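Coordinates as given in final_0.csv (CSV, C-alpha atoms):
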```csv
chain,number,residue,atom,x,y,z
A,276,ALA,CA,44.3,-12.9,-56.3
A,277,GLN,CA,45.8,-9.8,-54.7
A,278,SER,CA,42.8,-7.6,-55.6
A,279,THR,CA,40.4,-10.3,-54.2
A,280,ASN,CA,42.4,-10.3,-51.0
A,281,PHE,CA,42.3,-6.6,-50.9
A,282,THR,CA,38.5,-6.6,-51.3
A,283,ILE,CA,38.0,-9.2,-48.5
A,284,ASN,CA,40.3,-7.3,-46.2
A,285,SER,CA,38.5,-4.0,-47.0
A,286,ASP,CA,35.2,-5.7,-46.2
A,287,ILE,CA,36.5,-7.0,-42.9
A,288,GLU,CA,37.9,-3.5,-42.0
A,289,ASN,CA,34.5,-1.9,-42.9
A,290,GLY,CA,32.7,-4.5,-40.7
A,291,ILE,CA,35.1,-3.7,-37.8
A,292,ASN,CA,34.5,0.0,-38.3
A,293,ASP,CA,30.7,-0.5,-38.3
A,294,ASP,CA,30.9,-2.5,-35.1
A,295,ALA,CA,33.0,0.2,-33.5
A,296,ASN,CA,30.6,2.9,-34.7
A,297,ASP,CA,27.7,0.9,-33.2
A,298,ASN,CA,29.6,0.7,-29.9
A,299,LYS,CA,30.2,4.4,-30.0
A,300,THR,CA,26.5,5.0,-30.6
A,301,TRP,CA,25.5,2.9,-27.6
A,302,GLU,CA,28.2,4.6,-25.5
A,303,THR,CA,27.0,8.0,-26.6
A,304,ALA,CA,23.3,7.1,-25.9
A,305,SER,CA,24.2,5.8,-22.4
A,306,LYS,CA,26.1,9.0,-21.6
A,307,ASN,CA,23.3,11.2,-22.9
A,308,TYR,CA,20.5,9.4,-21.1
A,309,CYS,CA,22.6,8.6,-18.0
A,310,PHE,CA,21.5,4.9,-17.8
A,311,ASP,CA,24.3,4.2,-15.4
A,312,GLY,CA,23.6,7.3,-13.2
A,313,MET,CA,21.0,8.4,-10.7
A,314,ILE,CA,18.6,9.6,-13.5
A,315,GLY,CA,18.8,6.3,-15.3
A,316,ILE,CA,18.1,4.4,-12.1
A,317,THR,CA,15.2,6.7,-11.3
A,318,LEU,CA,13.7,6.2,-14.7
A,319,LEU,CA,14.1,2.5,-14.5
A,320,LEU,CA,12.5,2.3,-11.0
A,321,GLY,CA,9.6,4.5,-12.2
A,322,LYS,CA,9.0,2.3,-15.2
A,323,VAL,CA,9.1,-0.9,-13.2
A,324,MET,CA,6.7,0.6,-10.5
A,325,ILE,CA,4.3,1.7,-13.2
A,326,VAL,CA,4.2,-1.8,-14.7
A,327,LEU,CA,3.7,-3.3,-11.2
A,328,SER,CA,1.0,-0.9,-10.3
A,329,GLY,CA,-0.9,-1.8,-13.4
A,330,LEU,CA,-0.6,-5.5,-12.5
A,331,MET,CA,-2.3,-4.7,-9.2
A,332,ASP,CA,-5.6,-3.9,-10.9
A,333,LEU,CA,-8.0,-6.6,-9.9
A,334,GLN,CA,-10.5,-5.6,-12.6
A,335,LYS,CA,-8.0,-6.4,-15.4
A,336,ASN,CA,-5.7,-9.1,-13.9
A,337,THR,CA,-6.0,-12.4,-12.2
A,338,LEU,CA,-5.3,-13.0,-8.5
A,339,GLN,CA,-1.9,-14.5,-9.4
A,340,TYR,CA,-0.8,-11.3,-11.2
A,341,VAL,CA,-2.0,-9.1,-8.3
A,342,SER,CA,-0.3,-11.3,-5.7
A,343,PHE,CA,3.0,-11.3,-7.8
A,344,SER,CA,3.0,-7.5,-8.1
A,345,LEU,CA,2.2,-6.9,-4.5
A,346,THR,CA,5.0,-9.2,-3.5
A,347,LEU,CA,7.5,-7.4,-5.7
A,348,ILE,CA,6.4,-3.9,-4.5
A,349,ASN,CA,6.7,-5.1,-0.9
A,350,ILE,CA,10.2,-6.3,-1.6
A,351,ALA,CA,11.1,-2.9,-3.2
A,352,LEU,CA,9.7,-1.0,-0.3
A,353,GLU,CA,11.5,-3.1,2.3
A,354,ALA,CA,14.8,-2.9,0.3
A,355,GLY,CA,14.6,0.8,-0.5
A,356,GLY,CA,13.3,2.0,2.9
A,357,SER,CA,13.2,5.7,3.7
A,358,SER,CA,15.6,6.5,0.8
A,359,LEU,CA,12.7,6.1,-1.6
A,360,SER,CA,11.2,9.3,-0.2
A,361,TYR,CA,14.1,11.2,-1.9
A,362,ILE,CA,13.0,10.2,-5.4
A,363,PRO,CA,10.1,12.5,-6.3
A,364,THR,CA,9.1,10.6,-9.4
A,365,LEU,CA,8.8,7.3,-7.5
A,366,VAL,CA,7.0,9.0,-4.6
A,367,ASP,CA,4.3,10.3,-7.1
A,368,ILE,CA,3.8,6.8,-8.5
A,369,LEU,CA,3.6,5.2,-5.0
A,370,ARG,CA,1.2,7.7,-3.6
A,371,GLY,CA,-0.9,7.8,-6.8
A,372,ASP,CA,-1.4,4.7,-8.9
A,373,VAL,CA,0.0,2.2,-6.4
A,374,CYS,CA,-2.3,3.5,-3.5
A,375,ARG,CA,-5.3,3.7,-5.8
A,376,HIS,CA,-5.0,0.0,-6.9
A,377,LEU,CA,-3.9,-1.0,-3.4
A,378,LEU,CA,-7.2,0.3,-2.0
A,379,ILE,CA,-9.1,-1.8,-4.5
A,380,ALA,CA,-7.0,-4.9,-3.8
A,381,SER,CA,-7.6,-4.6,-0.1
A,382,GLN,CA,-11.3,-5.2,-0.7
A,383,SER,CA,-10.5,-8.7,-2.1
A,384,ASP,CA,-12.1,-11.7,-0.4
A,385,ASP,CA,-8.8,-13.6,-1.0
A,386,LEU,CA,-6.9,-13.6,2.4
A,387,GLY,CA,-3.5,-13.8,0.6
A,388,ILE,CA,-4.2,-10.6,-1.4
A,389,PHE,CA,-5.7,-8.9,1.7
A,390,SER,CA,-2.6,-9.8,3.8
A,391,LEU,CA,-0.2,-8.6,1.2
A,392,SER,CA,-2.1,-5.4,0.8
A,393,LEU,CA,-1.9,-4.7,4.6
A,394,ARG,CA,1.8,-5.3,4.4
A,395,VAL,CA,2.4,-3.0,1.5
A,396,ILE,CA,0.4,-0.3,3.3
A,397,PHE,CA,2.6,-0.6,6.3
A,398,ASN,CA,5.8,-0.5,4.3
A,399,LEU,CA,4.5,2.6,2.4
A,400,PHE,CA,4.1,4.3,5.7
A,401,ILE,CA,7.6,3.3,6.7
A,402,SER,CA,9.2,4.4,3.4
A,403,ILE,CA,7.4,7.6,2.5
A,404,LYS,CA,5.4,8.6,5.5
A,405,ASP,CA,6.1,12.3,5.1
A,406,HIS,CA,4.2,12.1,1.8
A,407,MET,CA,1.3,9.9,2.9
A,408,LYS,CA,-0.9,12.0,5.2
A,409,ILE,CA,-4.1,11.7,3.1
A,410,GLN,CA,-3.4,8.2,1.9
A,411,LEU,CA,-2.7,6.9,5.5
A,412,GLU,CA,-6.0,8.4,6.7
A,413,VAL,CA,-7.9,6.8,3.9
A,414,PHE,CA,-6.3,3.4,4.5
A,415,LEU,CA,-6.8,3.4,8.2
A,416,ILE,CA,-10.5,4.5,7.9
A,417,SER,CA,-11.5,2.5,4.9
A,418,ILE,CA,-9.7,-0.8,5.8
A,419,HIS,CA,-8.7,-1.1,9.4
A,420,LEU,CA,-11.4,0.8,11.3
A,421,ARG,CA,-14.2,-0.1,8.9
A,422,LEU,CA,-13.6,-3.8,9.2
A,423,LEU,CA,-13.3,-3.7,13.0
A,424,SER,CA,-16.4,-1.5,13.3
A,425,ILE,CA,-18.5,-3.8,11.2
A,426,ASN,CA,-18.1,-6.7,13.7
A,427,ARG,CA,-19.4,-4.8,16.7
A,428,ASN,CA,-22.6,-6.8,16.7
A,429,THR,CA,-21.1,-10.2,15.9
A,430,ASN,CA,-22.1,-11.5,19.3
A,431,ASN,CA,-25.6,-11.9,17.9
A,432,PRO,CA,-25.7,-15.3,16.1
A,433,ILE,CA,-28.1,-14.1,13.5
A,434,VAL,CA,-26.2,-10.9,12.7
A,435,SER,CA,-22.9,-12.9,12.8
A,436,SER,CA,-24.2,-15.3,10.2
A,437,ASN,CA,-25.3,-12.5,7.9
A,438,GLN,CA,-22.0,-10.6,8.1
A,439,SER,CA,-19.8,-13.6,7.8
A,440,ILE,CA,-20.0,-13.3,4.0
A,441,HIS,CA,-18.3,-9.9,4.1
A,442,VAL,CA,-16.0,-10.0,7.2
A,443,SER,CA,-14.4,-13.1,8.6
A,444,LEU,CA,-12.6,-13.5,11.8
A,445,ALA,CA,-9.4,-14.2,9.9
A,446,ARG,CA,-9.6,-10.8,8.2
A,447,GLU,CA,-10.3,-9.1,11.5
A,448,GLU,CA,-7.2,-10.8,13.0
A,449,LEU,CA,-5.1,-9.6,10.1
A,450,VAL,CA,-6.3,-6.1,10.6
A,451,LEU,CA,-5.6,-6.2,14.4
A,452,GLU,CA,-2.1,-7.5,13.7
A,453,SER,CA,-1.5,-4.7,11.1
A,454,LEU,CA,-2.7,-2.1,13.7
A,455,LEU,CA,-0.4,-3.6,16.3
A,456,GLU,CA,2.5,-3.3,13.8
A,457,PHE,CA,1.7,0.4,13.3
A,458,CYS,CA,1.5,1.0,17.1
A,459,ARG,CA,5.0,-0.5,17.6
A,460,GLU,CA,6.5,2.4,15.6
A,461,PRO,CA,8.0,5.0,17.9
A,462,LEU,CA,5.9,8.2,18.3
A,463,LEU,CA,3.2,7.0,15.9
A,464,MET,CA,0.3,7.7,18.3
A,465,GLN,CA,1.7,11.1,19.1
A,466,ASP,CA,2.0,11.9,15.4
A,467,LEU,CA,-1.5,10.6,14.8
A,468,TYR,CA,-2.9,12.9,17.4
A,469,THR,CA,-0.9,15.9,16.3
A,470,ASN,CA,-1.4,15.5,12.6
A,471,TYR,CA,-5.0,14.3,12.5
A,472,ASP,CA,-6.9,14.9,15.7
A,473,CYS,CA,-5.6,18.4,16.0
A,474,ASP,CA,-6.3,19.2,12.4
A,475,VAL,CA,-10.0,20.3,11.9
A,476,GLN,CA,-9.9,19.1,8.3
A,477,CYS,CA,-8.9,15.5,9.3
A,478,THR,CA,-10.6,12.6,11.1
A,479,ASN,CA,-9.9,11.9,14.7
A,480,LEU,CA,-7.7,8.9,14.0
A,481,PHE,CA,-6.1,8.6,17.4
A,482,ASP,CA,-9.5,8.7,19.1
A,483,ASN,CA,-11.1,6.2,16.8
A,484,ILE,CA,-8.2,3.8,17.0
A,485,ILE,CA,-8.1,3.9,20.8
A,486,PHE,CA,-11.9,3.5,21.1
A,487,THR,CA,-11.9,0.6,18.6
A,488,LEU,CA,-9.0,-1.3,20.3
A,489,CYS,CA,-10.6,-0.8,23.7
A,490,TYR,CA,-13.9,-2.1,22.5
A,491,LYS,CA,-12.2,-5.2,21.0
A,492,SER,CA,-10.4,-5.9,24.2
A,493,LEU,CA,-13.8,-6.3,26.1
A,494,PRO,CA,-15.2,-9.7,26.8
A,495,ASN,CA,-18.1,-10.8,24.6
A,496,ARG,CA,-20.8,-10.3,27.3
A,497,LEU,CA,-19.5,-6.7,28.0
A,498,ARG,CA,-19.6,-6.0,24.3
A,499,LEU,CA,-23.2,-7.0,24.1
A,500,LEU,CA,-24.1,-5.0,27.1
A,501,ASN,CA,-22.3,-2.0,25.7
A,502,ASN,CA,-24.2,-2.3,22.4
A,503,ASN,CA,-27.5,-2.5,24.3
A,504,ASN,CA,-26.7,0.5,26.4
A,505,SER,CA,-25.7,2.4,23.3
A,506,ASN,CA,-28.9,1.5,21.5
A,507,THR,CA,-31.0,2.5,24.6
A,508,SER,CA,-29.3,5.9,24.9
A,509,VAL,CA,-29.8,6.6,21.2
A,510,THR,CA,-33.5,5.7,21.5
A,511,ASN,CA,-33.9,7.9,24.6
A,512,ASN,CA,-32.2,10.8,22.9
A,513,ASP,CA,-34.6,10.4,19.9
A,514,ARG,CA,-37.6,10.4,22.2
A,515,LEU,CA,-36.3,13.6,24.0
A,516,THR,CA,-35.8,15.2,20.7
```

I'd like the structure from this file rewritten - as structure tokens, please.
Amino acid sequence: AQSTNFTINSDIENGINDDANDNKTWETASKNYCFDGMIGITLLLGKVMIVLSGLMDLQKNTLQYVSFSLTLINIALEAGGSSLSYIPTLVDILRGDVCRHLLIASQSDDLGIFSLSLRVIFNLFISIKDHMKIQLEVFLISIHLRLLSINRNTNNPIVSSNQSIHVSLAREELVLESLLEFCREPLLMQDLYTNYDCDVQCTNLFDNIIFTLCYKSLPNRLRLLNNNNSNTSVTNNDRLT
């Protein structure tokens, strides 16, 4: 009986030692990989952002998955703010995979996806604008200015009916609201002129945005007159040439 008790007690002690060794192993791993430190947080954020950027791919995922990932990325950008720009790994993911999938998602006909994409673009600018020169230029030209420029001839009923498939008034309103949100940022227009219009390798963003907004502020009859005058001047120039 005593030897049996000794065997049982030994087994219990061995089990306790095994548990203690397992705990030490996890503690050692957490210290080595700094799961509770800045490096661990950075690795975790990077991994989560990679997964979310993959869910943004409209070619591989449904609209529900894309909407879910855009919502979570938007929350992360709003919560992190400008402090995200101090994490190089996360910045590379945001300005790389996230921006690439975001550009594709912004072409979706779904207004919910389109609205979320515009919101994420704005929050990217707010969070890591010092790393977004090329990306911001691409977004403003390919999304905002392109959609607003397509509708210049929408006063013509025939043209309007043909283009309604591609561009709706709701999308145009969302783009204008997004531009308004950008313009509310202090010194944005000055920065656009300095960083883009004054750079011979970049597009004249300031000039294009001001021209487009001025054109959209005109009444419909003046827009039509302006289009006719523009067409006439182009035709005369072609004849002179």

Task: Residues within 9 Å of stretch 338-354 of chain A, all atoms listed in the file, excluding chain neighbours under 2 positions, as a list in words - done: Met324, Val326, Leu327, Ser328, Gly329, Leu330, Met331, Asp332, Leu333, Asn336, Gly356, Ser357, Leu359, Leu377, Ala380, Asp385, Gly387, Ile388, Leu391, Ser392, Arg394, Val395, Ile396, Asn398, Leu399, Ile401 and Ser402 of chain A

- [ ] Quote the spacing between atom CA of A:Asn479 and atom CA of A:Leu467 in Å to one decimal place.
- [x] 8.5 Å

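In this comparison, which uses only C-alpha atoms, the residue of A:Glu412, A:Thr364, A:Val373, A:Ser390 approaching A:Ile316 most closely is A:Thr364.
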
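Closest approach to A:Leu365 from the set A:Ile416, A:Leu320, A:Cys473, A:Leu393 is made by A:Leu320, with distances taken over all atoms listed in the file.
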
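Put simply, atom CA of A:Ile325 is 7.0 Å away from atom CA of A:Ile368.
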
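Taking atom CA of A:His406 as the reference point, atom CA of A:Ser358 is found at 12.7 Å.
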
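Of the residues under consideration (A:Ser381, A:Leu462, A:His376, A:Lys408), A:Lys408 shows the shortest atom-to-atom contact distance to A:Asp474 when counting all atoms listed in the file.
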
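Counting only C-alpha atoms and comparing A:Cys374, A:Ile409, A:Glu447, A:Phe397, the residue that lies closest to A:Gln476 is A:Ile409.
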